[in-house]
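Source file data-v6.pdb; content: PDB, C-alpha atoms.
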ATOM      1  CA  MET A 453      79.342  -2.551  29.345
ATOM      2  CA  LYS A 454      79.648   0.756  31.173
ATOM      3  CA  GLU A 455      78.795   1.646  34.766
ATOM      4  CA  ASP A 456      77.851   4.954  36.335
ATOM      5  CA  TRP A 457      80.389   6.814  38.487
ATOM      6  CA  LYS A 458      79.988   9.898  40.592
ATOM      7  CA  PRO A 459      80.682  13.143  38.706
ATOM      8  CA  GLY A 460      84.372  13.977  38.436
ATOM      9  CA  THR A 461      87.007  15.661  36.326
ATOM     10  CA  LEU A 462      88.218  12.820  34.146
ATOM     11  CA  ILE A 463      89.033  14.638  30.919
ATOM     12  CA  TYR A 464      92.518  13.382  30.063
ATOM     13  CA  PRO A 465      95.220  13.829  28.894
ATOM     14  CA  LEU A 466      95.873  17.438  29.847
ATOM     15  CA  PRO A 467      98.816  19.730  29.194
ATOM     16  CA  ALA A 468     101.395  19.681  31.987
ATOM     17  CA  VAL A 469     102.602  23.272  32.107
ATOM     18  CA  LEU A 470     104.634  25.398  34.463
ATOM     19  CA  VAL A 471     103.017  28.770  35.091
ATOM     20  CA  SER A 472     105.432  31.492  36.107
ATOM     21  CA  VAL A 473     104.253  34.427  38.220
ATOM     22  CA  GLY A 474     105.691  37.358  40.134
ATOM     23  CA  SER A 475     106.768  40.857  39.193
ATOM     24  CA  THR A 476     110.196  40.875  40.900
ATOM     25  CA  PRO A 477     112.908  38.214  41.236
ATOM     26  CA  GLU A 478     112.174  38.004  44.974
ATOM     27  CA  GLU A 479     108.583  36.906  44.338
ATOM     28  CA  TYR A 480     109.098  34.828  41.170
ATOM     29  CA  ASN A 481     107.329  31.510  41.532
ATOM     30  CA  LEU A 482     106.376  28.481  39.484
ATOM     31  CA  ILE A 483     103.213  26.445  39.783
ATOM     32  CA  THR A 484     102.436  23.255  37.916
ATOM     33  CA  VAL A 485      99.040  23.447  36.233
ATOM     34  CA  ALA A 486      97.140  20.823  34.269
ATOM     35  CA  TRP A 487      93.838  22.706  34.224
ATOM     36  CA  THR A 488      94.623  25.026  31.340
ATOM     37  CA  GLY A 489      93.530  25.476  27.781
ATOM     38  CA  THR A 490      92.570  27.657  24.855
ATOM     39  CA  ILE A 491      89.193  29.397  25.018
ATOM     40  CA  CYS A 492      89.216  31.872  22.107
ATOM     41  CA  THR A 493      91.074  32.456  18.848
ATOM     42  CA  ASN A 494      90.359  36.131  18.218
ATOM     43  CA  PRO A 495      91.467  37.653  20.477
ATOM     44  CA  PRO A 496      93.725  34.786  21.545
ATOM     45  CA  MET A 497      92.659  33.785  25.059
ATOM     46  CA  CYS A 498      93.342  30.952  27.462
ATOM     47  CA  TYR A 499      92.775  30.070  31.093
ATOM     48  CA  ILE A 500      94.381  28.480  34.100
ATOM     49  CA  SER A 501      92.542  27.222  37.182
ATOM     50  CA  VAL A 502      94.293  27.581  40.554
ATOM     51  CA  ASN A 503      93.188  26.656  44.068
ATOM     52  CA  PRO A 504      93.063  29.817  46.272
ATOM     53  CA  ILE A 505      95.181  28.109  48.955
ATOM     54  CA  ARG A 506      98.168  27.960  46.579
ATOM     55  CA  HIS A 507     100.948  30.507  47.118
ATOM     56  CA  SER A 508     100.839  31.497  43.430
ATOM     57  CA  HIS A 509      97.151  32.425  43.708
ATOM     58  CA  LYS A 510      98.038  35.506  45.768
ATOM     59  CA  LEU A 511     100.669  36.524  43.237
ATOM     60  CA  LEU A 512      98.231  36.038  40.371
ATOM     61  CA  MET A 513      95.629  38.217  42.097
ATOM     62  CA  LYS A 514      98.232  40.889  42.881
ATOM     63  CA  ASN A 515      99.879  41.110  39.447
ATOM     64  CA  MET A 516      97.130  39.827  37.101
ATOM     65  CA  GLU A 517      99.777  38.537  34.673
ATOM     66  CA  PHE A 518     101.414  35.152  34.163
ATOM     67  CA  VAL A 519     103.268  33.015  31.639
ATOM     68  CA  ILE A 520     102.257  29.504  30.568
ATOM     69  CA  ASN A 521     105.485  27.610  29.858
ATOM     70  CA  LEU A 522     105.107  24.341  27.950
ATOM     71  CA  THR A 523     107.135  21.502  29.435
ATOM     72  CA  THR A 524     109.302  18.783  27.934
ATOM     73  CA  GLU A 525     110.663  15.391  28.932
ATOM     74  CA  ASP A 526     113.822  17.163  30.140
ATOM     75  CA  MET A 527     111.640  19.344  32.395
ATOM     76  CA  ALA A 528     109.446  16.499  33.724
ATOM     77  CA  PHE A 529     111.097  16.216  37.151
ATOM     78  CA  ALA A 530     110.894  19.997  37.680
ATOM     79  CA  THR A 531     107.286  20.006  36.495
ATOM     80  CA  ASP A 532     106.272  17.455  39.098
ATOM     81  CA  TRP A 533     108.449  18.945  41.872
ATOM     82  CA  CYS A 534     107.021  22.442  41.384
ATOM     83  CA  GLY A 535     103.530  20.996  41.742
ATOM     84  CA  VAL A 536     104.152  19.384  45.122
ATOM     85  CA  ARG A 537     106.302  22.072  46.758
ATOM     86  CA  SER A 538     105.167  25.499  47.917
ATOM     87  CA  GLY A 539     106.739  28.735  46.775
ATOM     88  CA  LYS A 540     106.361  29.933  50.361
ATOM     89  CA  GLU A 541     109.130  27.520  51.337
ATOM     90  CA  TYR A 542     111.248  27.192  48.185
ATOM     91  CA  HIS A 543     112.603  29.391  45.420
ATOM     92  CA  LYS A 544     111.576  27.006  42.669
ATOM     93  CA  PHE A 545     113.668  28.518  39.864
ATOM     94  CA  GLU A 546     116.828  28.037  41.938
ATOM     95  CA  GLU A 547     115.870  24.630  43.350
ATOM     96  CA  MET A 548     115.133  23.206  39.883
ATOM     97  CA  LYS A 549     117.980  25.084  38.150
ATOM     98  CA  LEU A 550     115.563  26.728  35.731
ATOM     99  CA  THR A 551     116.406  30.076  34.193
ATOM    100  CA  ALA A 552     114.023  32.989  34.762
ATOM    101  CA  GLY A 553     114.052  35.080  31.588
ATOM    102  CA  LYS A 554     112.506  38.390  30.663
ATOM    103  CA  ALA A 555     109.069  38.283  29.094
ATOM    104  CA  GLY A 556     108.392  40.487  26.099
ATOM    105  CA  VAL A 557     105.187  42.131  27.363
ATOM    106  CA  VAL A 558     104.072  40.955  30.805
ATOM    107  CA  ASN A 559     105.749  41.576  34.116
ATOM    108  CA  ALA A 560     106.316  37.896  34.965
ATOM    109  CA  PRO A 561     109.298  35.702  34.093
ATOM    110  CA  ILE A 562     109.492  33.142  31.318
ATOM    111  CA  ILE A 563     111.320  29.829  31.709
ATOM    112  CA  GLU A 564     114.219  29.896  29.257
ATOM    113  CA  GLU A 565     114.275  26.067  29.080
ATOM    114  CA  SER A 566     110.667  25.953  27.847
ATOM    115  CA  PRO A 567     110.176  25.620  24.075
ATOM    116  CA  LEU A 568     107.152  27.947  24.106
ATOM    117  CA  CYS A 569     106.222  30.645  26.626
ATOM    118  CA  ILE A 570     102.732  32.139  26.392
ATOM    119  CA  GLU A 571     102.469  35.549  28.044
ATOM    120  CA  CYS A 572      99.029  36.262  29.510
ATOM    121  CA  ARG A 573      97.191  39.208  31.028
ATOM    122  CA  VAL A 574      94.186  38.353  33.223
ATOM    123  CA  LYS A 575      90.852  39.725  32.008
ATOM    124  CA  GLU A 576      88.557  38.051  34.544
ATOM    125  CA  VAL A 577      88.714  35.769  37.574
ATOM    126  CA  LEU A 578      85.830  33.359  38.133
ATOM    127  CA  SER A 579      85.444  31.684  41.518
ATOM    128  CA  LEU A 580      84.111  28.239  40.697
ATOM    129  CA  GLY A 581      84.391  26.336  43.996
ATOM    130  CA  SER A 582      87.648  24.577  44.776
ATOM    131  CA  HIS A 583      89.462  26.596  42.078
ATOM    132  CA  ASP A 584      89.443  30.068  40.589
ATOM    133  CA  MET A 585      89.634  30.326  36.825
ATOM    134  CA  PHE A 586      91.932  33.051  35.496
ATOM    135  CA  ILE A 587      90.676  33.989  32.038
ATOM    136  CA  ALA A 588      93.460  35.748  30.187
ATOM    137  CA  GLU A 589      94.329  37.341  26.893
ATOM    138  CA  VAL A 590      97.502  36.102  25.231
ATOM    139  CA  VAL A 591      99.595  39.237  24.705
ATOM    140  CA  ASN A 592     102.837  37.669  23.458
ATOM    141  CA  VAL A 593     104.421  34.303  22.692
ATOM    142  CA  LYS A 594     108.133  33.549  22.969
ATOM    143  CA  ALA A 595     109.199  30.589  20.819
ATOM    144  CA  ASP A 596     112.562  28.830  20.973
ATOM    145  CA  THR A 597     114.067  29.216  17.505
ATOM    146  CA  GLN A 598     115.732  25.782  17.650
ATOM    147  CA  TYR A 599     112.295  24.371  16.771
ATOM    148  CA  LEU A 600     111.844  26.621  13.755
ATOM    149  CA  ASP A 601     112.238  24.800  10.441
ATOM    150  CA  THR A 602     114.326  27.223   8.398
ATOM    151  CA  GLU A 603     113.217  25.668   5.094
ATOM    152  CA  THR A 604     109.450  25.813   5.671
ATOM    153  CA  GLY A 605     109.316  28.608   8.255
ATOM    154  CA  LYS A 606     107.074  26.406  10.400
ATOM    155  CA  PHE A 607     107.475  25.931  14.118
ATOM    156  CA  ASN A 608     107.911  22.219  14.901
ATOM    157  CA  LEU A 609     106.941  21.944  18.550
ATOM    158  CA  THR A 610     106.783  18.129  18.393
ATOM    159  CA  LYS A 611     110.599  18.003  18.266
ATOM    160  CA  SER A 612     110.691  19.433  21.807
ATOM    161  CA  ASN A 613     109.311  16.214  23.379
ATOM    162  CA  LEU A 614     106.342  17.773  25.180
ATOM    163  CA  ILE A 615     104.746  16.008  28.143
ATOM    164  CA  VAL A 616     101.126  15.630  29.229
ATOM    165  CA  TYR A 617      99.375  14.647  32.437
ATOM    166  CA  SER A 618      96.808  11.853  32.658
ATOM    167  CA  HIS A 619      95.097  10.780  35.860
ATOM    168  CA  GLY A 620      98.088  11.127  38.182
ATOM    169  CA  HIS A 621     100.827  10.282  35.663
ATOM    170  CA  TYR A 622     103.065  12.145  33.208
ATOM    171  CA  TYR A 623     103.563  10.919  29.646
ATOM    172  CA  SER A 624     105.569  11.969  26.638
ATOM    173  CA  LEU A 625     103.613  12.465  23.459
ATOM    174  CA  GLY A 626     103.545   9.537  21.048
ATOM    175  CA  LYS A 627     103.833   9.247  17.317
ATOM    176  CA  GLU A 628     101.791  11.409  14.973
ATOM    177  CA  ILE A 629      98.729   9.646  13.569
ATOM    178  CA  GLY A 630      97.404  12.460  11.401
ATOM    179  CA  LYS A 631      97.188  16.213  11.027
ATOM    180  CA  PHE A 632      94.284  18.621  11.223
ATOM    181  CA  GLY A 633      91.923  17.913   8.316
ATOM    182  CA  TRP A 634      93.569  14.646   7.238
ATOM    183  CA  SER A 635      90.257  12.785   7.514
ATOM    184  CA  ILE A 636      88.772  14.768   4.630
ATOM    185  CA  GLN A 637      91.913  15.543   2.643
ATOM    186  CA  LYS A 638      91.807  14.305  -0.950
ATOM    187  CA  ASN A 639      94.765  12.314  -2.223
ATOM    188  CA  LYS A 640      96.886  14.410  -4.534
ATOM    189  CA  LYS A 641      98.091  12.730  -7.716
ATOM    190  CA  LYS A 642     101.728  13.189  -8.573
TER     191      LYS A 642
END
How does this structure look as structure tokens?
Amino acid sequence: MKEDWKPGTLIYPLPAVLVSVGSTPEEYNLITVAWTGTICTNPPMCYISVNPIRHSHKLLMKNMEFVINLTTEDMAFATDWCGVRSGKEYHKFEEMKLTAGKAGVVNAPIIEESPLCIECRVKEVLSLGSHDMFIAEVVNVKADTQYLDTETGKFNLTKSNLIVYSHGHYYSLGKEIGKFGWSIQKNKKK
């Protein structure tokens, strides 16, 4: 049996990412974002949604560039802390002992401890109500080579122990149950 609830945003789990913004070390900031995702393959595009009252919103509007840094179990405390503290009052990189690195294309820092840093340039900002959606083109990706399988040449992001967010809680990803297309893959005879 199911019952009706008022409309709400209950699509879970979501990525738990740290978005880095700012064009100079003095304004570098981190904001925890769960409202993010892929919206186009060619050109590669994604989005983040940020409440205009957040300190990072001003920096996003000023610079129109940001980096989506995927987070791991080792980064879980910092991920939560950066979501409940304001960059107006704290220098989050220093407080969380995270390393601000140089991005390849955009003028915003990457987080060196992140296994994958997705550099984005804002194409459009949509005011949607409580949040503004920053639609961005992915202009570069920095991948930690420790997750590169030297034999296959494939990037194995699952070894990094990524975390997700679900209805007020953080979780590590569980075991693999299949891969893309496994439901229709024919068994190969040896």
Which residue is closest to Glu478 of chain A? Choose from A:Trp533, A:Tyr617, A:Tyr599, A:Tyr542 and count all atoms listed in the file.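 Residue with the minimum atom-to-atom distance to Glu478 of chain A: A:Tyr542.
Once the PyMOL selection byres ((chain A and resi 483) around 9) is applied to the depicted file, the selected set reads Val469, Leu470, Val471, Ser472, Val473, Asn481, Leu482, Thr484, Val485, Arg506, His507, Ser508, Thr531, Cys534, Gly535, Val536, Arg537, Ser538, Gly539 and Lys544 of chain A.
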For the structure shown, which residues end up in the PyMOL selection byres ((chain A and resi 475) around 6)? Put them as an mmCIF file with C-alpha atoms, in the frame of the given file, please?
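Final output, saved to out.cif:
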data_model
loop_
_atom_site.group_PDB
_atom_site.id
_atom_site.type_symbol
_atom_site.label_atom_id
_atom_site.label_comp_id
_atom_site.auth_asym_id
_atom_site.auth_seq_id
_atom_site.Cartn_x
_atom_site.Cartn_y
_atom_site.Cartn_z
ATOM 1 C CA GLY A 474 105.691 37.358 40.134
ATOM 2 C CA THR A 476 110.196 40.875 40.900
ATOM 3 C CA ASN A 559 105.749 41.576 34.116
ATOM 4 C CA ALA A 560 106.316 37.896 34.965
#
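Candidate residues A:Ile629, A:Met527, A:Ile570, A:Cys498 were compared for distance to Val593 of chain A, and the nearest is A:Ile570, using only C-alpha atoms.
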Applied to this file, what does the PyMOL selection byres ((chain A and resi 514-516) around 8) return in terms of residues, put as an mmCIF file with C-alpha atoms, keeping the file's coordinate frame?
data_model
loop_
_atom_site.group_PDB
_atom_site.id
_atom_site.type_symbol
_atom_site.label_atom_id
_atom_site.label_comp_id
_atom_site.auth_asym_id
_atom_site.auth_seq_id
_atom_site.Cartn_x
_atom_site.Cartn_y
_atom_site.Cartn_z
ATOM 1 C CA GLY A 474 105.691 37.358 40.134
ATOM 2 C CA SER A 475 106.768 40.857 39.193
ATOM 3 C CA LYS A 510 98.038 35.506 45.768
ATOM 4 C CA LEU A 511 100.669 36.524 43.237
ATOM 5 C CA LEU A 512 98.231 36.038 40.371
ATOM 6 C CA MET A 513 95.629 38.217 42.097
ATOM 7 C CA GLU A 517 99.777 38.537 34.673
ATOM 8 C CA PHE A 518 101.414 35.152 34.163
ATOM 9 C CA ASN A 559 105.749 41.576 34.116
ATOM 10 C CA ARG A 573 97.191 39.208 31.028
ATOM 11 C CA VAL A 574 94.186 38.353 33.223
#
Rounded to one decimal place, report the atom CA of Ala595 of chain A-atom CA of Val577 of chain A distance in Å.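 Value for the atom CA of Ala595 of chain A-atom CA of Val577 of chain A distance: 27.0 Å.
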Give me, please, the distance in Å between atom CA of Glu571 of chain A and atom CA of Tyr499 of chain A, quoted to one decimal.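 Atom CA of Tyr499 of chain A lies at a distance of 11.5 Å from atom CA of Glu571 of chain A.
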Quick one: of A:Gly633, A:Gly556, A:Pro459, A:Gly489, who's nearest to Asn592 of chain A, counting all atoms listed in the file? A:Gly556
Exercise on segment 520-531 of chain A, axis-aligned box with 4 Å per side, report centre and edge lengths in Å to one decimal, as JSON:
{"center_x": 108.0, "center_y": 22.4, "center_z": 32.8, "size_x": 19.6, "size_y": 22.1, "size_z": 17.7}
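If you measure from each of A:Glu547, A:Asp532, A:Glu479, A:Glu589 to Met497 of chain A using all atoms listed in the file, the closest one turns out to be A:Glu589.
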Length of the atom CA of Leu614 of chain A to atom CA of Ala468 of chain A vector [Å]: 8.6 Å
Non-local contacts of Leu466 of chain A (12 Å; all atoms listed in the file; under 6 positions in same chain excluded) as a list in words: Thr484, Val485, Ala486, Trp487, Thr488, Gly489, Thr490, Ile500, Leu522, Thr523, Leu614, Ile615, Val616, Tyr617, Ser618, His619, Gly620, His621, Tyr622, Tyr623, Ser624 and Leu625 of chain A
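Near Leu580 of chain A, within a cut-off of 10 Å and counting all atoms listed in the file, sit the residues Ser501, Asn503 and Met585 of chain A, with same-chain residues fewer than 5 positions away left out.
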